[in-house]
>>> print(open('model-v4.csv').read())   # CSV, C-alpha atoms
chain,number,residue,atom,x,y,z
G,139,MET,CA,-13.5,-26.0,13.9
G,140,GLU,CA,-11.4,-26.4,17.0
G,141,VAL,CA,-9.0,-29.3,17.5
G,142,ARG,CA,-7.4,-29.8,20.9
G,143,PRO,CA,-3.8,-31.1,20.8
G,144,THR,CA,-3.3,-34.5,22.4
G,145,ARG,CA,-2.0,-34.8,26.0
G,146,GLN,CA,1.2,-36.3,24.7
G,147,ARG,CA,1.9,-33.3,22.5
G,148,LEU,CA,1.4,-31.0,25.4
G,149,SER,CA,3.5,-32.9,27.8
G,150,GLY,CA,5.1,-30.7,30.4
G,151,VAL,CA,3.1,-27.6,29.5
G,152,GLY,CA,0.3,-27.2,32.0
G,153,GLY,CA,-2.4,-24.7,32.1
G,154,GLN,CA,-1.0,-23.1,35.3
G,155,ARG,CA,2.3,-22.5,33.6
G,156,ARG,CA,0.6,-20.9,30.6
G,157,TRP,CA,-1.5,-18.6,32.8
G,158,ALA,CA,1.5,-17.7,35.0
G,159,GLY,CA,3.6,-17.0,31.9
G,160,LEU,CA,0.8,-14.8,30.6
G,161,LEU,CA,0.8,-12.7,33.7
G,162,VAL,CA,4.6,-12.4,33.5
G,163,LEU,CA,4.4,-11.3,29.9
G,164,LEU,CA,1.8,-8.6,30.7
G,165,GLY,CA,4.3,-7.3,33.3
G,166,VAL,CA,7.1,-7.3,30.8
G,167,VAL,CA,4.9,-5.3,28.3
G,168,ALA,CA,4.1,-2.7,31.1
G,169,LEU,CA,7.8,-2.5,32.0
G,170,ALA,CA,8.8,-2.1,28.3
G,171,VAL,CA,6.3,0.8,28.0
G,172,LEU,CA,7.6,2.6,31.0
G,173,LEU,CA,11.3,2.2,29.9
G,174,SER,CA,10.4,3.4,26.4
G,175,ILE,CA,8.8,6.6,27.8
G,176,ALA,CA,11.5,7.3,30.4
G,177,LEU,CA,14.7,6.5,28.5
G,178,GLY,CA,16.4,8.1,25.6
G,179,SER,CA,18.8,10.9,24.7
G,180,LYS,CA,17.2,12.8,27.6
G,181,PRO,CA,16.4,10.5,30.5
G,182,LEU,CA,13.3,11.3,32.5
G,183,THR,CA,12.5,10.6,36.1
G,184,PRO,CA,9.4,8.6,37.1
G,185,GLY,CA,7.8,11.8,38.4
G,186,GLN,CA,8.4,13.6,35.1
G,187,VAL,CA,6.9,10.6,33.2
G,188,TRP,CA,3.8,10.6,35.5
G,189,HIS,CA,3.4,14.4,35.2
G,190,GLY,CA,3.7,14.2,31.4
G,191,LEU,CA,1.1,11.5,31.1
G,192,TRP,CA,-1.6,12.7,33.5
G,193,SER,CA,-1.1,16.4,34.1
G,194,PRO,CA,0.9,18.0,31.3
G,195,GLU,CA,1.6,21.8,31.5
G,196,GLY,CA,3.7,22.3,28.4
G,197,LEU,CA,7.0,21.7,30.1
G,198,GLU,CA,9.9,20.3,28.1
G,199,ALA,CA,9.5,16.9,29.8
G,200,ASP,CA,5.8,16.9,29.1
G,201,ILE,CA,6.4,17.6,25.4
G,202,ILE,CA,9.0,14.8,25.2
G,203,VAL,CA,6.6,12.3,26.8
G,204,ARG,CA,3.4,13.2,24.9
G,205,ASP,CA,4.7,14.3,21.5
G,206,LEU,CA,7.8,12.2,21.0
G,207,ARG,CA,8.0,9.0,23.1
G,208,LEU,CA,4.3,8.1,23.6
G,209,PRO,CA,3.4,7.9,19.9
G,210,ARG,CA,6.5,5.7,19.0
G,211,THR,CA,5.8,3.5,22.0
G,212,TRP,CA,2.2,3.0,20.9
G,213,LEU,CA,3.4,2.3,17.4
G,214,GLY,CA,6.0,-0.2,18.6
G,215,LEU,CA,3.3,-2.0,20.6
G,216,VAL,CA,0.8,-2.3,17.8
G,217,ALA,CA,3.4,-3.1,15.1
G,218,GLY,CA,5.2,-5.6,17.3
G,219,ALA,CA,2.0,-7.4,18.2
G,220,ALA,CA,1.0,-7.6,14.6
G,221,LEU,CA,4.4,-9.0,13.5
G,222,GLY,CA,4.5,-11.4,16.4
G,223,VAL,CA,1.1,-13.0,15.5
G,224,ALA,CA,1.9,-12.9,11.8
G,225,GLY,CA,5.2,-14.7,12.5
G,226,ALA,CA,3.4,-17.5,14.4
G,227,LEU,CA,0.8,-17.9,11.6
G,228,MET,CA,3.6,-18.0,8.9
G,229,GLN,CA,5.5,-20.7,10.8
G,230,GLY,CA,2.3,-22.7,11.3
G,231,HIS,CA,1.1,-22.5,7.7
G,232,THR,CA,4.4,-23.1,6.1
G,233,ARG,CA,5.6,-25.5,8.8
G,234,ASN,CA,8.9,-23.7,8.5
G,235,PRO,CA,10.5,-22.6,11.8
G,236,ILE,CA,12.5,-19.8,10.1
G,237,ALA,CA,9.5,-18.2,8.3
G,238,ASP,CA,9.1,-14.5,8.5
G,239,PRO,CA,7.7,-11.8,6.2
G,240,VAL,CA,10.7,-12.1,3.9
G,241,VAL,CA,9.9,-15.8,3.3
G,242,LEU,CA,6.5,-15.1,1.9
G,243,GLY,CA,7.8,-12.0,-0.1
G,244,ILE,CA,5.3,-9.6,1.7
G,245,SER,CA,8.0,-7.1,2.8
G,246,ALA,CA,9.5,-7.1,-0.7
G,247,GLY,CA,6.0,-6.6,-2.2
G,248,ALA,CA,5.3,-3.6,0.0
G,249,GLY,CA,8.7,-2.0,-0.8
G,250,THR,CA,8.2,-2.5,-4.5
G,251,CYS,CA,4.8,-0.8,-4.5
G,252,VAL,CA,6.1,2.2,-2.6
G,253,VAL,CA,9.0,2.6,-5.1
G,254,VAL,CA,6.6,2.2,-8.1
G,255,ALA,CA,4.3,4.8,-6.6
G,256,VAL,CA,7.2,7.3,-6.2
G,257,PHE,CA,8.6,6.5,-9.7
G,258,LEU,CA,5.3,6.5,-11.7
G,259,LEU,CA,2.9,8.7,-9.7
G,260,GLY,CA,5.3,11.0,-7.9
G,261,VAL,CA,3.7,10.1,-4.6
G,262,SER,CA,5.4,11.9,-1.7
G,263,GLY,CA,4.8,11.9,2.1
G,264,LEU,CA,4.5,9.1,4.6
G,265,HIS,CA,0.7,8.9,4.3
G,266,GLY,CA,0.9,8.1,0.7
G,267,TYR,CA,3.7,5.5,1.2
G,268,VAL,CA,1.6,3.7,3.8
G,269,TRP,CA,-1.3,3.0,1.6
G,270,PHE,CA,0.8,1.9,-1.4
G,271,GLY,CA,2.9,-0.2,1.0
G,272,PHE,CA,-0.2,-1.9,2.3
G,273,ALA,CA,-1.4,-2.5,-1.3
G,274,GLY,CA,1.9,-4.1,-2.2
G,275,ALA,CA,1.9,-6.4,0.8
G,276,ALA,CA,-1.7,-7.5,-0.1
G,277,ALA,CA,-0.7,-8.1,-3.7
G,278,ALA,CA,2.3,-10.1,-2.6
G,279,GLY,CA,0.1,-12.3,-0.3
G,280,LEU,CA,-2.4,-12.8,-3.0
G,281,LEU,CA,0.3,-13.7,-5.5
G,282,VAL,CA,1.9,-16.2,-3.2
G,283,HIS,CA,-1.3,-17.9,-2.4
G,284,THR,CA,-2.4,-18.1,-6.0
G,285,VAL,CA,0.9,-19.6,-7.2
G,286,GLY,CA,0.8,-22.0,-4.3
G,287,ARG,CA,-2.7,-23.2,-5.2
G,288,LEU,CA,-1.7,-23.6,-8.9
G,289,ALA,CA,1.2,-26.0,-8.0
G,290,ARG,CA,0.7,-29.7,-8.1
G,291,GLY,CA,-0.8,-30.8,-4.8
G,292,GLY,CA,-2.3,-27.3,-4.0
G,293,ALA,CA,-1.2,-24.8,-1.4
G,294,THR,CA,1.1,-27.0,0.8
G,295,PRO,CA,3.7,-25.7,3.2
G,296,VAL,CA,6.4,-26.4,0.6
G,297,THR,CA,4.7,-24.8,-2.3
G,298,LEU,CA,3.8,-21.7,-0.2
G,299,ALA,CA,7.5,-21.3,0.9
G,300,LEU,CA,8.7,-21.7,-2.7
G,301,ALA,CA,6.2,-19.3,-4.0
G,302,GLY,CA,7.2,-16.8,-1.3
G,303,ALA,CA,10.8,-17.1,-2.2
G,304,ALA,CA,10.1,-16.6,-5.9
G,305,ALA,CA,7.9,-13.6,-5.1
G,306,HIS,CA,10.6,-12.1,-2.9
G,307,ALA,CA,13.2,-12.5,-5.7
G,308,LEU,CA,10.8,-10.9,-8.3
G,309,PHE,CA,9.9,-7.9,-6.1
G,310,THR,CA,13.5,-7.3,-5.1
G,311,ALA,CA,14.6,-7.3,-8.7
G,312,LEU,CA,11.9,-4.9,-9.7
G,313,THR,CA,12.8,-2.6,-6.8
G,314,ALA,CA,16.5,-2.7,-7.7
G,315,GLY,CA,15.8,-1.9,-11.3
G,316,ILE,CA,13.7,1.2,-10.5
G,317,VAL,CA,16.0,2.7,-7.8
G,318,LEU,CA,19.0,2.3,-10.1
G,319,ILE,CA,17.4,4.7,-12.7
G,320,ASP,CA,15.5,7.1,-10.4
G,321,ARG,CA,17.3,9.0,-7.7
G,322,GLN,CA,14.1,10.2,-5.9
G,323,ALA,CA,12.8,6.6,-5.6
G,324,LEU,CA,16.2,5.5,-4.3
G,325,GLY,CA,16.0,8.2,-1.6
G,326,VAL,CA,12.5,7.2,-0.5
G,327,TYR,CA,13.4,3.5,-0.5
G,328,ARG,CA,16.5,4.1,1.7
G,329,PHE,CA,14.3,6.0,4.2
G,330,TRP,CA,11.5,3.5,4.2
G,331,THR,CA,13.5,0.3,4.2
G,332,VAL,CA,15.5,0.9,7.4
G,333,GLY,CA,12.5,-0.1,9.7
G,334,THR,CA,11.7,2.5,12.4
G,335,VAL,CA,8.9,3.6,14.7
G,336,SER,CA,10.2,7.2,15.1
G,337,GLY,CA,8.8,10.2,13.3
G,338,ARG,CA,5.4,8.6,12.6
G,339,PRO,CA,2.5,10.9,13.6
G,340,VAL,CA,-0.2,9.7,15.9
G,341,GLU,CA,-2.7,9.7,13.1
G,342,LEU,CA,-0.9,6.8,11.5
G,343,VAL,CA,-1.1,4.8,14.6
G,344,VAL,CA,-4.8,5.4,14.8
G,345,GLN,CA,-5.2,4.5,11.1
G,346,MET,CA,-3.5,1.1,11.5
G,347,ILE,CA,-5.4,-0.1,14.6
G,348,PRO,CA,-8.6,-1.2,12.7
G,349,PHE,CA,-6.5,-3.2,10.2
G,350,VAL,CA,-4.5,-4.8,13.0
G,351,ALA,CA,-7.7,-5.6,15.0
G,352,ALA,CA,-9.2,-7.3,11.9
G,353,GLY,CA,-6.0,-9.3,11.4
G,354,LEU,CA,-6.0,-10.4,15.0
G,355,VAL,CA,-9.7,-11.5,14.7
G,356,LEU,CA,-8.8,-13.6,11.7
G,357,ALA,CA,-5.8,-15.0,13.4
G,358,ALA,CA,-7.9,-16.1,16.4
G,359,ALA,CA,-10.4,-17.7,14.1
G,360,ASN,CA,-7.5,-19.6,12.4
G,361,ALA,CA,-5.9,-21.0,15.6
G,362,GLY,CA,-8.1,-24.1,15.8
G,363,GLY,CA,-7.4,-24.9,12.1
G,364,LEU,CA,-3.7,-24.5,12.6
G,365,ASN,CA,-3.8,-27.1,15.5
G,366,ALA,CA,-5.4,-29.5,13.1
G,367,LEU,CA,-3.0,-28.8,10.3
G,368,SER,CA,-0.1,-29.4,12.6
G,369,LEU,CA,-1.2,-33.0,12.7
G,370,GLY,CA,-0.9,-33.2,8.9
G,371,GLU,CA,-3.3,-32.3,6.1
G,372,ASP,CA,-4.7,-35.8,5.7
G,373,VAL,CA,-5.5,-36.1,9.3
G,374,ALA,CA,-6.9,-32.6,9.3
G,375,ARG,CA,-9.2,-33.5,6.4
G,376,SER,CA,-10.3,-36.7,8.2
G,377,LEU,CA,-11.3,-34.5,11.2
G,378,GLY,CA,-13.5,-32.4,8.9
G,379,LEU,CA,-11.3,-29.4,8.5
G,380,ARG,CA,-11.7,-27.4,5.3
G,381,VAL,CA,-8.0,-27.0,4.5
G,382,GLY,CA,-8.3,-24.6,1.6
G,383,LEU,CA,-10.5,-22.2,3.6
G,384,THR,CA,-8.1,-22.4,6.6
G,385,ARG,CA,-5.2,-21.5,4.4
G,386,VAL,CA,-7.1,-18.6,2.9
G,387,VAL,CA,-8.1,-17.2,6.3
G,388,GLY,CA,-4.5,-17.6,7.6
G,389,ILE,CA,-2.8,-16.0,4.7
G,390,THR,CA,-5.3,-13.1,4.7
G,391,ALA,CA,-4.5,-12.6,8.4
G,392,ILE,CA,-0.7,-12.7,7.7
G,393,THR,CA,-1.1,-10.2,4.8
G,394,VAL,CA,-3.2,-7.7,6.8
G,395,LEU,CA,-1.0,-7.9,9.9
G,396,THR,CA,2.3,-7.8,8.2
G,397,GLY,CA,1.2,-5.4,5.5
G,398,THR,CA,0.0,-2.9,8.0
G,399,ALA,CA,3.1,-3.0,10.2
G,400,VAL,CA,5.5,-3.0,7.2
G,401,ALA,CA,3.6,-0.2,5.4
G,402,VAL,CA,3.9,2.1,8.5
G,403,CYS,CA,7.3,1.2,9.9
G,404,GLY,CA,9.2,-0.4,7.0
G,405,PRO,CA,10.4,-3.9,7.1
G,406,ILE,CA,11.2,-4.9,10.7
G,407,GLY,CA,12.6,-8.4,10.6
G,408,PHE,CA,13.1,-11.1,13.2
G,409,ALA,CA,10.3,-9.8,15.6
G,410,GLY,CA,7.9,-12.6,14.5
G,411,LEU,CA,10.7,-15.2,14.3
G,412,VAL,CA,12.1,-14.6,17.8
G,413,ALA,CA,8.7,-14.1,19.5
G,414,THR,CA,7.2,-17.3,18.1
G,415,HIS,CA,10.1,-19.5,19.2
G,416,ILE,CA,10.1,-18.1,22.7
G,417,ALA,CA,6.3,-18.4,22.8
G,418,ARG,CA,6.4,-22.1,21.7
G,419,TYR,CA,9.0,-22.9,24.4
G,420,PHE,CA,6.5,-21.9,27.1
G,421,THR,CA,3.2,-22.9,25.5
G,422,GLY,CA,3.9,-26.1,23.6
G,423,PRO,CA,2.2,-26.7,20.2
G,424,ASP,CA,-1.3,-25.2,20.9
G,425,TYR,CA,-1.7,-22.3,18.5
G,426,ARG,CA,-4.4,-20.7,20.6
G,427,TRP,CA,-1.7,-19.9,23.2
G,428,ILE,CA,1.1,-19.5,20.8
G,429,LEU,CA,-0.7,-16.6,19.0
G,430,VAL,CA,-1.4,-14.8,22.3
G,431,TYR,CA,2.2,-15.2,23.6
G,432,SER,CA,3.7,-14.2,20.2
G,433,GLY,CA,1.7,-11.0,20.1
G,434,LEU,CA,2.7,-9.9,23.6
G,435,LEU,CA,6.4,-11.0,23.0
G,436,GLY,CA,6.5,-9.2,19.6
G,437,ALA,CA,5.2,-6.0,21.2
G,438,SER,CA,7.7,-6.2,24.0
G,439,LEU,CA,10.6,-7.0,21.6
G,440,VAL,CA,9.9,-4.1,19.3
G,441,VAL,CA,9.5,-1.5,22.1
G,442,LEU,CA,12.6,-2.7,24.0
G,443,ALA,CA,14.7,-2.8,20.9
G,444,ASP,CA,13.6,0.7,20.0
G,445,THR,CA,14.5,1.9,23.6
G,446,LEU,CA,17.9,0.1,23.4
G,447,GLY,CA,18.6,1.7,20.1
G,448,ARG,CA,18.2,5.1,21.7
G,449,LEU,CA,20.6,4.3,24.5
G,450,VAL,CA,23.5,2.6,22.7
G,451,ALA,CA,23.9,5.5,20.1
G,452,ARG,CA,23.2,8.6,22.3
G,453,PRO,CA,22.7,11.4,21.4
G,454,GLY,CA,21.7,9.8,18.1
G,455,GLU,CA,19.9,6.4,17.8
G,456,LEU,CA,19.9,3.1,16.0
G,457,GLN,CA,16.6,2.3,14.3
G,458,VAL,CA,14.6,-0.6,15.6
G,459,GLY,CA,15.0,-2.6,12.4
G,460,ILE,CA,18.8,-2.5,12.9
G,461,MET,CA,18.6,-3.4,16.5
G,462,LEU,CA,16.3,-6.3,15.9
G,463,ALA,CA,18.6,-7.5,13.2
G,464,LEU,CA,21.5,-7.4,15.6
G,465,ILE,CA,19.5,-9.4,18.2
G,466,GLY,CA,17.7,-11.7,15.8
G,467,ALA,CA,20.6,-12.7,13.5
G,468,PRO,CA,22.3,-14.9,16.2
G,469,VAL,CA,19.0,-16.5,17.0
G,470,PHE,CA,18.4,-17.2,13.4
G,471,ILE,CA,21.8,-18.8,13.0
G,472,HIS,CA,21.2,-20.9,16.1
G,473,LEU,CA,17.9,-22.2,14.7
G,474,VAL,CA,19.4,-23.0,11.3
G,475,SER,CA,22.3,-24.9,12.9
G,476,ARG,CA,20.0,-27.0,15.0
G,477,ARG,CA,17.7,-28.0,12.1
G,478,LYS,CA,17.9,-31.5,10.7
G,479,PRO,CA,18.2,-31.8,6.9
G,480,VAL,CA,14.8,-31.6,5.2
G,481,THR,CA,13.7,-34.4,2.9
G,482,PRO,CA,10.9,-34.0,0.4
>>> encode(input="model-v4.csv", output="structure tokens")
Amino acid sequence: MEVRPTRQRLSGVGGQRRWAGLLVLLGVVALAVLLSIALGSKPLTPGQVWHGLWSPEGLEADIIVRDLRLPRTWLGLVAGAALGVAGALMQGHTRNPIADPVVLGISAGAGTCVVVAVFLLGVSGLHGYVWFGFAGAAAAGLLVHTVGRLARGGATPVTLALAGAAAHALFTALTAGIVLIDRQALGVYRFWTVGTVSGRPVELVVQMIPFVAAGLVLAAANAGGLNALSLGEDVARSLGLRVGLTRVVGITAITVLTGTAVAVCGPIGFAGLVATHIARYFTGPDYRWILVYSGLLGASLVVLADTLGRLVARPGELQVGIMLALIGAPVFIHLVSRRKPVTP
């Protein structure tokens, strides 16, 4: 079902502005990619970047471009787009403007499953962590939705947010208990939880693309339902929307997108939060546009934050999860300070 928002709700947000903004965003993404490939502990000239991309001959600059910076740039784009779209879906389904993977407990679920795999099964290596992290994120999403549906009134925005907070607390406690008694699990958890796009092989990027593509398809199918839900569940039902099915599709998309990104990169916070708020400023309340903008903005934010992290700490680097936390925390505080008290 597709529901078009009313003219009043889209006041001041015309189609031309959206299309113009989309073109600008595509330019921002292209610029972010070029900066990510060219800048770092060893800056490269545009000519070296071009040579490394199109006619590599095994020179040092070619190796830097193709083996080091190109894979992390691709990973940043894919993970950032997934987190941006997932953040928009989370805020739409929970009707909570500060929702992110932490609110629904998905990041914590992925971390717990990785630690359990190391502690009980002796799993080692990034490829093993990825699949257990994905399974943990999926389990957390299923748990949150099940608990939300069991609550009185079903899976409403409030029950989903509360179930997510409870799941986050549970998974965090389990993780803390394991890492306190197992040094190996603690080491893995510290490496995984920092949130980074560096050091991941190209094969992992290729593996995550089908999952992200499936999540984006589900998100696109969910956009019309989210527009209806933004009018209120009663109105949405009166328009013929199957609210339960819409929730299931949306939470499945959130789980797949967030789970994939978190499993490969670790928990990268604030990307979905910041991207969605910027997107909504330019698009208005129509989720068909919000999802597109959020994906492009999320990809740009992650790639630019990763590049900035390499510049501010040269010759070392700050991981992208740390950089986005430094950027996103002031935005988060600003959003919270502007919110009116919520009444049940």
>>> residues_near_point(input="model-v4.csv", point="(-2.6, 10.8, 8.6)", cutoff="12 Å", atoms="all atoms listed in the file", output="list in words")
Gly263, Leu264, His265, Gly266, Tyr267, Val268, Trp269, Arg338, Pro339, Val340, Glu341, Leu342, Val343, Val344, Gln345, Met346 and Val402 of chain G
>>> residues_around(input="model-v4.csv", residues="Cys403 (chain G)", least_positions_apart="3", cutoff="8 Å", atoms="only C-alpha atoms", output="PyMOL selection string")
chain G and resi 217+330+333-335+399-400+406
>>> write_last_selection(input="model-v4.csv", atoms="C-alpha atoms", output="short mmCIF file (atom, residue, chain, number, x, y, z; two decimals), in the frame of the given file")
data_model
loop_
_atom_site.label_atom_id
_atom_site.label_comp_id
_atom_site.auth_asym_id
_atom_site.auth_seq_id
_atom_site.Cartn_x
_atom_site.Cartn_y
_atom_site.Cartn_z
CA ALA G 217 3.40 -3.10 15.10
CA TRP G 330 11.50 3.50 4.20
CA GLY G 333 12.50 -0.10 9.70
CA THR G 334 11.70 2.50 12.40
CA VAL G 335 8.90 3.60 14.70
CA ALA G 399 3.10 -3.00 10.20
CA VAL G 400 5.50 -3.00 7.20
CA ILE G 406 11.20 -4.90 10.70
#
>>> residues_around(input="model-v4.csv", residues="Gly363 (chain G)", least_positions_apart="5", cutoff="10 Å", atoms="only C-alpha atoms", output="list in words")
Met139, Glu140, Val141, Gly230, His231, Ala358, Ser368, Ala374, Leu379, Arg380, Val381, Leu383, Thr384, Arg385, Val387, Gly388, Tyr425 and Arg426 of chain G
>>> residues_around(input="model-v4.csv", residues="region 189-193 of chain G", least_positions_apart="2", cutoff="10 Å", atoms="only C-alpha atoms", output="VMD selection string")
chain G and resid 175 183 to 187 195 to 205 208
>>> write_last_selection(input="model-v4.csv", atoms="C-alpha atoms", output="PDB file, keeping the file's coordinate frame")
ATOM      1  CA  ILE G 175       8.800   6.600  27.800  1.00  0.00           C
ATOM      2  CA  THR G 183      12.500  10.600  36.100  1.00  0.00           C
ATOM      3  CA  PRO G 184       9.400   8.600  37.100  1.00  0.00           C
ATOM      4  CA  GLY G 185       7.800  11.800  38.400  1.00  0.00           C
ATOM      5  CA  GLN G 186       8.400  13.600  35.100  1.00  0.00           C
ATOM      6  CA  VAL G 187       6.900  10.600  33.200  1.00  0.00           C
ATOM      7  CA  GLU G 195       1.600  21.800  31.500  1.00  0.00           C
ATOM      8  CA  GLY G 196       3.700  22.300  28.400  1.00  0.00           C
ATOM      9  CA  LEU G 197       7.000  21.700  30.100  1.00  0.00           C
ATOM     10  CA  GLU G 198       9.900  20.300  28.100  1.00  0.00           C
ATOM     11  CA  ALA G 199       9.500  16.900  29.800  1.00  0.00           C
ATOM     12  CA  ASP G 200       5.800  16.900  29.100  1.00  0.00           C
ATOM     13  CA  ILE G 201       6.400  17.600  25.400  1.00  0.00           C
ATOM     14  CA  ILE G 202       9.000  14.800  25.200  1.00  0.00           C
ATOM     15  CA  VAL G 203       6.600  12.300  26.800  1.00  0.00           C
ATOM     16  CA  ARG G 204       3.400  13.200  24.900  1.00  0.00           C
ATOM     17  CA  ASP G 205       4.700  14.300  21.500  1.00  0.00           C
ATOM     18  CA  LEU G 208       4.300   8.100  23.600  1.00  0.00           C
TER      19      LEU G 208
END
>>> residues_near_point(input="model-v4.csv", point="(3.9, -22.5, 24.5)", cutoff="9 Å", atoms="all atoms listed in the file", output="count of residues only")
18
>>> atom_distance(input="model-v4.csv", atom1="CA of Thr390 (chain G)", atom2="CA of Arg375 (chain G)")
20.8 Å
>>> residues_around(input="model-v4.csv", residues="Gly436 (chain G)", least_positions_apart="4", cutoff="10 Å", atoms="all atoms listed in the file", output="list in words")
Val167, Gly214, Leu215, Val216, Ala217, Gly218, Ala219, Ala220, Leu221, Gly222, Val223, Ala224, Gly225, Phe408, Ala409, Gly410, Leu411, Val412, Ala413, Thr414, Ala417, Tyr431, Ser432, Val440, Val441 and Leu442 of chain G
>>> residues_around(input="model-v4.csv", residues="Ala237 (chain G)", least_positions_apart="2", cutoff="7 Å", atoms="only C-alpha atoms", output="MDAnalysis selection string")
chainID G and resid 225 228:229 234:235 239 241 411
>>> write_last_selection(input="model-v4.csv", atoms="C-alpha atoms", output="JSON list (two decimals), in the frame of the given file")
[["chain", "number", "residue", "atom", "x", "y", "z"],
["G", 225, "GLY", "CA", 5.20, -14.70, 12.50],
["G", 228, "MET", "CA", 3.60, -18.00, 8.90],
["G", 229, "GLN", "CA", 5.50, -20.70, 10.80],
["G", 234, "ASN", "CA", 8.90, -23.70, 8.50],
["G", 235, "PRO", "CA", 10.50, -22.60, 11.80],
["G", 239, "PRO", "CA", 7.70, -11.80, 6.20],
["G", 241, "VAL", "CA", 9.90, -15.80, 3.30],
["G", 411, "LEU", "CA", 10.70, -15.20, 14.30]]
>>> atom_distance(input="model-v4.csv", atom1="CA of Asp444 (chain G)", atom2="CA of Thr331 (chain G)")
15.8 Å
>>> closest_residue(input="model-v4.csv", among="G:Leu364, G:Ala401, G:Leu213, G:Ala467", to="Gly249 (chain G)", atoms="only C-alpha atoms")
G:Ala401
>>> atom_distance(input="model-v4.csv", atom1="CA of Phe272 (chain G)", atom2="CA of Gly243 (chain G)")
13.1 Å
>>> axis_aligned_box(input="model-v4.csv", around="region 433-438 of chain G", padding_each_side="8 Å", output="lines of an AutoDock Vina configuration file")
center_x = 4.7
center_y = -8.5
center_z = 21.8
size_x = 22.0
size_y = 21.0
size_z = 20.4
>>> closest_residue(input="model-v4.csv", among="G:Leu206, G:Ile389, G:Leu356, G:Ala301", to="Leu177 (chain G)", atoms="only C-alpha atoms")
G:Leu206
>>> closest_residue(input="model-v4.csv", among="G:Ala276, G:Val450, G:Leu227, G:Val317", to="Gly362 (chain G)", atoms="only C-alpha atoms")
G:Leu227
>>> closest_residue(input="model-v4.csv", among="G:Leu173, G:Ile236, G:Val458, G:Gln322", to="His472 (chain G)", atoms="all atoms listed in the file")
G:Ile236
